[in-house]
Structure formats: C-alpha cells, structure tokens
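Some notes on the structure that comes next.
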Amino acid sequence: MSKLLPTNEHTIERVLRVLVGLALLSMVFVGPKALWGLIGLVPLTTGLIGSCPLYTVFGFSTCKTPDKPATSS
C-alpha cells in the first residue's frame, strides 16, 4: 500500500490542504451554495491521507526524507 499511496506531503502542507478543502466545501452549504465547492474534496482527501497522486506520478515530495544510513566501503 505504501507504493500506491506513499506519504509525500509535509505536515504543514497537509494542514493547509485540509483547511482549503474545508473552506471550498463550505461553499456548498454556506454562502453562494455552488456545487463548485465540491472541488474541495480533492485537497481535503489528499491532506487527510498525506499522499498526493500527482506528486507520486511526477516523483515530487515535500516530505523530509529520512537520512539513509552510511554504508561502509
């Protein structure tokens, strides 16, 4: 499962995605009541699971990668 949905988002980015997703989703229920607010499901979902499919496709990550142990030669 980790190859399908690898964690590739930094914690701050995840929080921002969730907040933006909730703000967009609120447009469906409050304010203009537009269905465009359903687009907020995308950043909300990716923020909650911590993996962005586009980041995976392009090999991009905002997560700090763990340091690899030094190998002796």
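Here, A, B, ... name the chains of the structure tokens in the order displayed, residue numbers run from 1 inside each chain, and ligands are numbered from 1 in the same displayed order.
Summary of the local environment: counting only C-alpha atoms, residues at most 8 Å from stretch 19-22 of chain A, other than itself and those fewer than 4 positions away along its chain, are Val15, Ser26, Ile39, Gly40, Leu41, Val42, Pro43 and Leu44 of chain A.
Of all the residues in stretch 16-69 of chain A, the ones DSSP labels as alpha helix (DSSP H) from the backbone are A:Leu16, A:Arg17, A:Val18, A:Leu19, A:Val20, A:Gly21, A:Leu22, A:Ala23, A:Leu24, A:Leu25, A:Ser26, A:Met27, A:Val28, A:Phe29, A:Leu41, A:Val42, A:Pro43, A:Leu44, A:Thr45, A:Thr46, A:Gly47, A:Leu48, A:Ile49, A:Pro53, A:Leu54, A:Tyr55, A:Thr56, A:Val57, A:Phe58.
Across A:Gly47, A:Pro53, A:Pro32, A:Gly37, the tightest approach to A:Arg17 is made by A:Gly47 when counting only C-alpha atoms.
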Please list as a PyMOL selection string every residue within 10 Å of A:Cys52, counting only C-alpha atoms and excluding residues in the same chain fewer than 4 positions away. chain A and resi 5-9+14+42-43+45-47+56-57+60-61
Suppose we keep N, CA and C atoms; can you now write the selection as an mmCIF file, in the first residue's frame?
data_model
loop_
_atom_site.group_PDB
_atom_site.id
_atom_site.type_symbol
_atom_site.label_atom_id
_atom_site.label_comp_id
_atom_site.auth_asym_id
_atom_site.auth_seq_id
_atom_site.Cartn_x
_atom_site.Cartn_y
_atom_site.Cartn_z
ATOM 1 N N LEU A 5 0.163 4.635 -2.290
ATOM 2 C CA LEU A 5 -0.071 5.934 -1.674
ATOM 3 C C LEU A 5 1.068 6.290 -0.718
ATOM 4 N N PRO A 6 2.239 6.622 -1.253
ATOM 5 C CA PRO A 6 3.340 6.977 -0.366
ATOM 6 C C PRO A 6 3.108 8.344 0.273
ATOM 7 N N THR A 7 3.556 8.499 1.493
ATOM 8 C CA THR A 7 3.434 9.803 2.148
ATOM 9 C C THR A 7 4.409 10.754 1.472
ATOM 10 N N ASN A 8 3.860 11.782 0.825
ATOM 11 C CA ASN A 8 4.717 12.715 0.095
ATOM 12 C C ASN A 8 4.342 14.172 0.352
ATOM 13 N N GLU A 9 3.650 14.419 1.466
ATOM 14 C CA GLU A 9 3.266 15.779 1.829
ATOM 15 C C GLU A 9 3.793 16.109 3.224
ATOM 16 N N ARG A 14 -0.150 19.451 4.617
ATOM 17 C CA ARG A 14 -1.352 18.663 4.890
ATOM 18 C C ARG A 14 -2.405 19.501 5.607
ATOM 19 N N VAL A 42 -11.000 17.225 -3.080
ATOM 20 C CA VAL A 42 -9.668 16.790 -3.529
ATOM 21 C C VAL A 42 -8.589 17.197 -2.528
ATOM 22 N N PRO A 43 -8.441 18.491 -2.192
ATOM 23 C CA PRO A 43 -7.405 18.827 -1.217
ATOM 24 C C PRO A 43 -7.707 18.264 0.177
ATOM 25 N N THR A 45 -9.187 15.363 0.892
ATOM 26 C CA THR A 45 -8.818 13.945 0.893
ATOM 27 C C THR A 45 -7.309 13.749 0.869
ATOM 28 N N THR A 46 -6.626 14.469 -0.014
ATOM 29 C CA THR A 46 -5.175 14.299 -0.097
ATOM 30 C C THR A 46 -4.495 14.776 1.182
ATOM 31 N N GLY A 47 -5.043 15.799 1.809
ATOM 32 C CA GLY A 47 -4.469 16.269 3.070
ATOM 33 C C GLY A 47 -4.667 15.274 4.193
ATOM 34 N N THR A 56 3.099 11.730 -6.726
ATOM 35 C CA THR A 56 3.604 10.378 -6.963
ATOM 36 C C THR A 56 3.969 10.185 -8.429
ATOM 37 N N VAL A 57 3.104 10.646 -9.324
ATOM 38 C CA VAL A 57 3.340 10.495 -10.765
ATOM 39 C C VAL A 57 4.614 11.225 -11.189
ATOM 40 N N PHE A 60 7.613 13.849 -7.031
ATOM 41 C CA PHE A 60 7.837 15.034 -6.218
ATOM 42 C C PHE A 60 7.406 14.749 -4.786
ATOM 43 N N SER A 61 8.063 15.369 -3.817
ATOM 44 C CA SER A 61 7.684 15.196 -2.425
ATOM 45 C C SER A 61 8.071 16.428 -1.635
#
